[in-house]
$ cat target_20.csv   # CSV, C-alpha atoms
chain,number,residue,atom,x,y,z
A,24,MET,CA,-29.2,2.1,7.8
A,25,ALA,CA,-31.1,4.7,9.9
A,26,ARG,CA,-30.0,8.3,9.5
A,27,ILE,CA,-28.1,9.6,12.5
A,28,CYS,CA,-28.6,13.1,14.0
A,29,VAL,CA,-25.9,14.7,16.1
A,30,ILE,CA,-27.0,17.7,18.0
A,31,GLY,CA,-24.2,19.5,19.8
A,32,SER,CA,-21.1,21.7,19.8
A,33,PHE,CA,-18.4,23.0,17.5
A,34,ASN,CA,-15.0,24.0,18.8
A,35,ILE,CA,-11.9,25.4,17.2
A,36,ASP,CA,-9.1,23.3,18.9
A,37,ILE,CA,-5.9,25.0,20.1
A,38,MET,CA,-3.6,22.1,20.9
A,39,ALA,CA,-0.3,22.0,22.7
A,40,ALA,CA,2.0,19.3,24.1
A,41,CYS,CA,4.4,19.5,27.0
A,42,GLN,CA,6.5,17.2,29.1
A,43,ARG,CA,4.4,17.9,32.2
A,44,PHE,CA,1.7,20.3,33.3
A,45,PRO,CA,2.7,23.5,35.1
A,46,ASN,CA,2.2,24.2,38.8
A,47,VAL,CA,0.2,27.3,39.7
A,48,GLY,CA,2.2,30.3,38.8
A,49,GLU,CA,4.7,28.3,36.8
A,50,THR,CA,5.6,28.8,33.1
A,51,ILE,CA,6.2,25.7,30.9
A,52,VAL,CA,7.6,25.7,27.4
A,53,MET,CA,5.5,23.7,25.1
A,54,ASN,CA,7.2,21.4,22.6
A,55,ARG,CA,4.4,21.3,20.1
A,56,PHE,CA,1.5,23.6,19.0
A,57,ASP,CA,-1.3,23.2,16.6
A,58,LEU,CA,-4.5,25.0,15.7
A,59,GLN,CA,-7.2,22.7,14.2
A,60,VAL,CA,-10.4,23.6,12.5
A,61,GLY,CA,-12.1,20.6,14.1
A,62,GLY,CA,-13.3,19.9,17.6
A,63,GLY,CA,-16.3,20.1,19.9
A,64,LYS,CA,-18.0,16.9,21.1
A,65,GLY,CA,-20.9,17.2,18.8
A,66,ALA,CA,-19.0,18.0,15.6
A,67,ASN,CA,-16.3,15.5,16.5
A,68,GLN,CA,-18.9,12.7,16.6
A,69,ALA,CA,-20.5,13.9,13.4
A,70,VAL,CA,-17.2,13.9,11.5
A,71,ALA,CA,-16.2,10.5,12.9
A,72,LEU,CA,-19.6,9.2,11.7
A,73,GLY,CA,-19.0,10.7,8.3
A,74,ARG,CA,-15.6,9.1,8.0
A,75,LEU,CA,-17.1,5.8,8.9
A,76,GLY,CA,-19.6,6.1,6.1
A,77,ALA,CA,-22.8,7.0,8.1
A,78,ASP,CA,-25.7,8.9,6.8
A,79,VAL,CA,-25.3,11.8,9.3
A,80,MET,CA,-26.6,15.3,9.9
A,81,MET,CA,-25.3,17.9,12.3
A,82,VAL,CA,-27.5,20.3,14.3
A,83,GLY,CA,-25.7,23.3,15.8
A,84,LYS,CA,-24.3,26.8,15.3
A,85,LEU,CA,-21.0,28.3,14.2
A,86,GLY,CA,-19.8,31.9,14.3
A,87,ASP,CA,-18.5,33.6,11.2
A,88,GLN,CA,-15.3,34.6,13.1
A,89,PHE,CA,-12.1,32.6,13.9
A,90,TYR,CA,-12.5,29.8,11.3
A,91,GLY,CA,-16.2,29.3,11.7
A,92,PRO,CA,-16.9,29.2,7.9
A,93,GLU,CA,-13.9,27.0,7.4
A,94,TYR,CA,-15.4,24.5,9.9
A,95,LEU,CA,-18.5,24.2,7.8
A,96,ALA,CA,-16.3,23.1,4.8
A,97,VAL,CA,-14.6,20.5,7.1
A,98,LEU,CA,-18.0,19.0,7.8
A,99,LYS,CA,-19.1,18.8,4.2
A,100,ARG,CA,-15.7,17.3,3.2
A,101,ASN,CA,-16.3,14.5,5.7
A,102,GLY,CA,-19.8,13.7,4.4
A,103,VAL,CA,-21.8,15.5,7.1
A,104,SER,CA,-25.2,17.0,6.1
A,105,CYS,CA,-25.2,20.7,7.3
A,106,GLU,CA,-28.8,21.8,6.6
A,107,ALA,CA,-29.3,22.4,10.3
A,108,VAL,CA,-26.1,24.3,10.9
A,109,GLU,CA,-26.3,28.1,11.1
A,110,VAL,CA,-23.3,30.4,10.7
A,111,VAL,CA,-24.1,33.3,13.1
A,112,PRO,CA,-22.8,36.7,11.9
A,113,ASN,CA,-20.3,38.7,14.1
A,114,ALA,CA,-19.8,35.8,16.5
A,115,PHE,CA,-17.1,33.5,17.6
A,116,PRO,CA,-17.6,29.7,17.5
A,117,GLY,CA,-16.7,27.6,20.5
A,118,ALA,CA,-13.0,27.2,21.3
A,119,ALA,CA,-11.1,24.5,23.2
A,120,PHE,CA,-7.6,24.9,24.6
A,121,VAL,CA,-6.1,21.4,25.0
A,122,ALA,CA,-2.7,20.4,26.5
A,123,VAL,CA,-1.3,16.9,26.5
A,124,ASP,CA,1.6,15.9,28.7
A,125,GLY,CA,4.3,13.2,28.5
A,126,ASN,CA,2.0,10.6,30.0
A,127,ARG,CA,-0.5,11.2,27.2
A,128,ASP,CA,-2.9,12.7,29.8
A,129,ASN,CA,-4.8,15.9,28.7
A,130,VAL,CA,-6.5,18.9,30.2
A,131,LEU,CA,-9.1,21.0,28.4
A,132,TYR,CA,-10.5,24.5,28.8
A,133,ILE,CA,-13.6,25.4,26.7
A,134,TYR,CA,-15.2,28.7,25.6
A,135,PRO,CA,-18.8,28.0,24.6
A,136,GLY,CA,-19.2,30.7,21.9
A,137,THR,CA,-22.1,30.1,19.5
A,138,ASN,CA,-22.7,26.7,21.1
A,139,ALA,CA,-24.6,28.6,23.8
A,140,LEU,CA,-27.0,29.8,21.1
A,141,VAL,CA,-28.3,26.3,20.1
A,142,ASP,CA,-31.7,26.8,21.6
A,143,PRO,CA,-35.1,25.0,21.5
A,144,ALA,CA,-36.2,27.3,18.7
A,145,TRP,CA,-33.4,26.1,16.5
A,146,VAL,CA,-34.6,22.5,17.1
A,147,ASP,CA,-38.1,23.4,16.2
A,148,ARG,CA,-37.0,25.3,13.1
A,149,ASN,CA,-35.3,22.2,11.8
A,150,TRP,CA,-37.7,19.6,13.1
A,151,ASP,CA,-38.7,18.2,9.7
A,152,ALA,CA,-35.1,17.0,9.1
A,153,ILE,CA,-34.4,16.1,12.7
A,154,GLY,CA,-37.6,14.1,13.2
A,155,ALA,CA,-36.8,12.0,10.1
A,156,CYS,CA,-33.7,10.5,11.8
A,157,GLY,CA,-33.7,7.2,13.6
A,158,VAL,CA,-30.6,7.5,15.8
A,159,PHE,CA,-29.7,10.5,17.9
A,160,LEU,CA,-26.4,11.5,19.6
A,161,MET,CA,-26.5,14.2,22.3
A,162,GLN,CA,-23.8,15.6,24.7
A,163,LEU,CA,-23.7,18.4,27.3
A,164,GLU,CA,-21.8,21.2,25.5
A,165,ILE,CA,-25.0,23.0,24.4
A,166,PRO,CA,-27.7,24.4,26.7
A,167,MET,CA,-29.3,21.7,28.8
A,168,GLU,CA,-32.8,23.1,28.0
A,169,THR,CA,-32.2,22.3,24.3
A,170,ASN,CA,-31.4,18.6,25.0
A,171,LEU,CA,-34.5,18.4,27.2
A,172,HIS,CA,-36.6,20.0,24.5
A,173,LEU,CA,-35.3,17.5,21.9
A,174,LEU,CA,-36.0,14.6,24.3
A,175,ALA,CA,-39.6,15.9,24.8
A,176,ARG,CA,-40.1,16.3,21.0
A,177,LEU,CA,-38.9,12.7,20.4
A,178,ASP,CA,-41.4,11.3,22.9
A,179,GLY,CA,-43.5,8.7,21.1
A,180,HIS,CA,-41.1,8.5,18.2
A,181,LYS,CA,-39.4,5.1,17.3
A,182,ARG,CA,-35.8,6.1,17.8
A,183,THR,CA,-32.5,5.3,19.5
A,184,LEU,CA,-31.1,8.0,21.8
A,185,ILE,CA,-27.5,7.9,22.9
A,186,LEU,CA,-26.4,10.5,25.5
A,187,ASP,CA,-22.8,11.2,26.1
A,188,PRO,CA,-22.9,12.9,29.5
A,189,ALA,CA,-19.8,15.1,28.9
A,190,PRO,CA,-18.4,17.4,30.1
A,191,ALA,CA,-19.2,15.9,33.4
A,192,ARG,CA,-22.0,17.6,35.4
A,193,PRO,CA,-25.2,16.7,37.2
A,194,LEU,CA,-27.8,15.2,34.9
A,195,PRO,CA,-31.5,16.0,34.9
A,196,PRO,CA,-33.6,12.9,35.8
A,197,ALA,CA,-35.5,13.2,32.4
A,198,LEU,CA,-32.2,12.7,30.5
A,199,LEU,CA,-31.0,9.9,32.7
A,200,THR,CA,-34.2,8.0,32.2
A,201,GLY,CA,-35.0,9.1,28.7
A,202,ALA,CA,-31.8,8.0,26.9
A,203,ASP,CA,-31.6,4.5,25.6
A,204,TYR,CA,-27.9,4.4,26.2
A,205,LEU,CA,-25.8,6.5,28.5
A,206,THR,CA,-22.1,6.5,27.6
A,207,PRO,CA,-19.9,8.0,30.3
A,208,ASN,CA,-16.2,7.5,30.9
A,209,GLU,CA,-15.0,6.7,34.4
A,210,VAL,CA,-14.8,10.4,35.5
A,211,GLU,CA,-18.3,11.1,34.2
A,212,LEU,CA,-19.6,7.9,35.6
A,213,GLY,CA,-18.1,8.7,39.0
A,214,MET,CA,-19.6,12.2,39.1
A,215,LEU,CA,-23.1,10.9,38.2
A,216,ALA,CA,-22.9,8.1,40.8
A,217,GLY,CA,-21.2,10.2,43.5
A,218,MET,CA,-18.2,8.0,43.9
A,219,SER,CA,-14.7,7.4,42.7
A,220,VAL,CA,-14.4,4.9,39.8
A,221,GLU,CA,-11.2,3.0,39.1
A,222,SER,CA,-11.6,-0.8,39.4
A,223,GLU,CA,-14.0,-3.1,37.6
A,224,GLU,CA,-15.9,-3.4,40.9
A,225,ASP,CA,-16.2,0.4,41.0
A,226,PHE,CA,-17.6,0.4,37.5
A,227,ARG,CA,-20.1,-2.3,38.5
A,228,THR,CA,-21.2,-0.4,41.6
A,229,ALA,CA,-21.5,3.0,39.9
A,230,CYS,CA,-23.5,1.6,37.0
A,231,GLY,CA,-25.8,-0.1,39.5
A,232,ILE,CA,-26.5,3.2,41.2
A,233,LEU,CA,-27.5,4.8,37.9
A,234,LEU,CA,-29.6,1.9,36.9
A,235,SER,CA,-31.4,2.0,40.2
A,236,GLN,CA,-32.2,5.7,39.4
A,237,GLY,CA,-33.9,4.7,36.1
A,238,ALA,CA,-31.1,4.6,33.5
A,239,ARG,CA,-32.0,2.1,30.8
A,240,ALA,CA,-28.5,0.9,29.8
A,241,ILE,CA,-25.0,2.2,30.4
A,242,ILE,CA,-22.0,1.8,28.1
A,243,ALA,CA,-19.2,2.8,30.4
A,244,LYS,CA,-16.0,3.7,28.5
A,245,ALA,CA,-12.9,2.3,30.4
A,246,GLY,CA,-10.0,3.5,28.2
A,247,LYS,CA,-7.5,0.8,27.2
A,248,ARG,CA,-9.6,-1.8,29.0
A,249,GLY,CA,-12.5,-1.3,26.6
A,250,ALA,CA,-16.0,-0.6,27.8
A,251,PHE,CA,-18.5,-2.2,30.2
A,252,ILE,CA,-22.1,-2.9,29.2
A,253,ALA,CA,-24.5,-2.5,32.2
A,254,THR,CA,-28.2,-3.3,32.1
A,255,PRO,CA,-30.6,-4.2,34.9
A,256,ASP,CA,-29.9,-7.9,34.1
A,257,SER,CA,-26.2,-8.0,33.1
A,258,PHE,CA,-22.7,-6.5,33.4
A,259,GLU,CA,-19.9,-7.4,31.0
A,260,LEU,CA,-16.6,-6.1,29.7
A,261,VAL,CA,-16.1,-5.7,25.9
A,262,PRO,CA,-12.2,-5.7,25.7
A,263,GLY,CA,-10.4,-2.9,24.0
A,264,PHE,CA,-7.7,-3.1,21.3
A,265,ARG,CA,-3.9,-2.5,21.6
A,266,VAL,CA,-2.5,0.3,19.5
A,267,ASP,CA,0.4,2.7,19.7
A,268,ALA,CA,-1.5,5.6,21.3
A,269,VAL,CA,-0.3,9.2,20.9
A,270,ASP,CA,-3.3,11.4,22.0
A,271,PRO,CA,-6.6,10.4,23.5
A,272,THR,CA,-8.4,13.7,22.9
A,273,ALA,CA,-11.3,12.5,20.8
A,274,ALA,CA,-11.3,8.8,21.6
A,275,GLY,CA,-14.6,9.1,23.5
A,276,ASP,CA,-16.3,11.0,20.6
A,277,THR,CA,-15.1,8.4,18.1
A,278,PHE,CA,-16.4,5.6,20.4
A,279,ASN,CA,-19.8,7.2,20.4
A,280,ALA,CA,-19.8,7.5,16.6
A,281,GLY,CA,-18.8,3.9,16.1
A,282,PHE,CA,-21.4,2.7,18.6
A,283,ALA,CA,-24.2,4.8,16.9
A,284,LEU,CA,-23.3,3.6,13.4
A,285,ALA,CA,-23.2,0.0,14.4
A,286,LEU,CA,-26.6,0.3,16.2
A,287,SER,CA,-28.0,2.0,13.1
A,288,GLU,CA,-27.1,-1.0,11.1
A,289,GLY,CA,-28.9,-3.4,13.4
A,290,LYS,CA,-25.8,-4.9,15.1
A,291,SER,CA,-26.2,-6.2,18.7
A,292,VAL,CA,-25.1,-4.0,21.6
A,293,PHE,CA,-22.0,-6.2,22.2
A,294,GLU,CA,-21.1,-6.0,18.5
A,295,SER,CA,-21.7,-2.3,18.5
A,296,VAL,CA,-19.5,-1.7,21.5
A,297,ARG,CA,-16.7,-3.9,20.0
A,298,PHE,CA,-16.9,-1.8,16.8
A,299,ALA,CA,-16.8,1.4,18.9
A,300,ASN,CA,-13.7,0.1,20.8
A,301,ALA,CA,-11.8,-0.4,17.6
A,302,ALA,CA,-12.7,3.0,16.2
A,303,ALA,CA,-11.8,4.7,19.4
A,304,ALA,CA,-8.4,2.9,19.6
A,305,LEU,CA,-7.5,4.0,16.1
A,306,SER,CA,-8.4,7.6,16.9
A,307,THR,CA,-5.7,7.8,19.5
A,308,THR,CA,-2.9,7.1,17.0
A,309,ALA,CA,-2.3,10.7,15.9
A,310,PHE,CA,-2.3,14.2,17.6
A,311,GLY,CA,-5.5,16.2,17.7
A,312,ALA,CA,-9.2,15.6,17.9
A,313,GLN,CA,-10.1,14.7,14.3
A,314,GLY,CA,-6.6,14.0,12.9
A,315,ALA,CA,-6.8,10.2,13.3
A,316,MET,CA,-10.5,9.4,13.2
A,317,PRO,CA,-10.6,6.3,11.1
A,318,ASP,CA,-12.5,5.3,8.0
A,319,ARG,CA,-14.4,2.0,8.0
A,320,PRO,CA,-11.8,-0.2,6.3
A,321,ARG,CA,-9.3,0.6,9.0
A,322,VAL,CA,-11.8,-0.3,11.7
A,323,GLU,CA,-12.8,-3.5,10.0
A,324,ALA,CA,-9.1,-4.4,9.6
A,325,LEU,CA,-8.5,-4.0,13.3
A,326,LEU,CA,-11.5,-6.0,14.1
A,327,ARG,CA,-10.2,-8.9,11.9
A,328,GLY,CA,-6.9,-8.7,13.8

$ encode --input "target_20.csv" --output "structure tokens"
Amino acid sequence: MARICVIGSFNIDIMAACQRFPNVGETIVMNRFDLQVGGGKGANQAVALGRLGADVMMVGKLGDQFYGPEYLAVLKRNGVSCEAVEVVPNAFPGAAFVAVDGNRDNVLYIYPGTNALVDPAWVDRNWDAIGACGVFLMQLEIPMETNLHLLARLDGHKRTLILDPAPARPLPPALLTGADYLTPNEVELGMLAGMSVESEEDFRTACGILLSQGARAIIAKAGKRGAFIATPDSFELVPGFRVDAVDPTAAGDTFNAGFALALSEGKSVFESVRFANAAAALSTTAFGAQGAMPDRPRVEALLRG
């Protein structure tokens, strides 16, 4: 099993549930509230990997205010190596404000905090540990220049690079063409391709646009349907799994973790996406980002049916 490096963000998650989202200027009474020392796309993926039994290290920065040190303990409890995680004095970590409505849809507001301080110099300072990894997971909640710097430093290395292009925003050509696998959901895929994505044909068209721009392979997350694998030579759906979903907040992060783990073990892309679908489905069965991230026995049980 190759060691997996996740470079990305931490967020303290402030969660609330309501029957519906408010209109502008309207006040809505929430029917549930939770504050979780666990969130941020990078750390979510690292924790999900740790729970699945991966050999995983996290690269990022936390503040020493507002539960930052407690988050470091969460990582360690979940089997994540923290040698490349800095706790910055007198600083706030990232924070995410998440609301879920009665339809299980969610809206998120994010404060970057110390995630904005994960710079190229931090990558260079920790390069011995980073460069020893074989699989890399990146997202877009740290400075873009840092992701580009990591990509440049990995040039010539034998590695697998997975880019989760979230939150959705324009992608530099170097990242589009440099990632081995791009893993957008339908919103992110639509933004990158410049079109609305809903139907299977939309997925096919949008993936084709990105492939024509130089993307190597696209794993397009499609919610309950599963995920589409798109390459220059093929396009296929890997069906999802039926579960009693409660909250989809970190399903995409858990999907990426499952996909990375399976690839690190030498599984085929189809097998890796199927494993990722099962992990993601189970992650929706409880409230919060990391609350229902499954361990490996649960995923394997779902795969067996």

$ residues_around --input "target_20.csv" --residues "Ile185 (chain A)" --least-positions-apart "6" --cutoff "8 Å" --atoms "all atoms listed in the file" --output "list in words"
Val158, Phe159, Leu160, Met161, Ala202, Asp203, Tyr204, Leu205, Thr206 and Ala283 of chain A

$ closest_residue --input "target_20.csv" --among "A:Leu131, A:Leu173, A:Ala274, A:Leu198" --to "Ala238 (chain A)" --atoms "only C-alpha atoms"
A:Leu198

$ atom_distance --input "target_20.csv" --atom1 "CA of Ala175 (chain A)" --atom2 "CA of Ile27 (chain A)"
18.0 Å

$ residues_around --input "target_20.csv" --residues "Ala139 (chain A)" --least-positions-apart "6" --cutoff "12 Å" --atoms "only C-alpha atoms" --output "ChimeraX atom specification"
/A:31-34,83-86,111,114-118,133,145,163-169

$ residues_around --input "target_20.csv" --residues "Cys230 (chain A)" --least-positions-apart "3" --cutoff "10 Å" --atoms "all atoms listed in the file" --output "count of residues only"
24

$ residues_near_point --input "target_20.csv" --point "(-10.1, 11.5, 18.7)" --cutoff "8 Å" --atoms "only C-alpha atoms" --output "PyMOL selection string"
chain A and resi 67+270-277+303+306-307+311-316

$ atom_distance --input "target_20.csv" --atom1 "CA of Gly289 (chain A)" --atom2 "CA of Leu184 (chain A)"
14.3 Å

$ residues_around --input "target_20.csv" --residues "Val266 (chain A)" --least-positions-apart "6" --cutoff "12 Å" --atoms "only C-alpha atoms" --output "PyMOL selection string"
chain A and resi 246-247+300-309+325+328
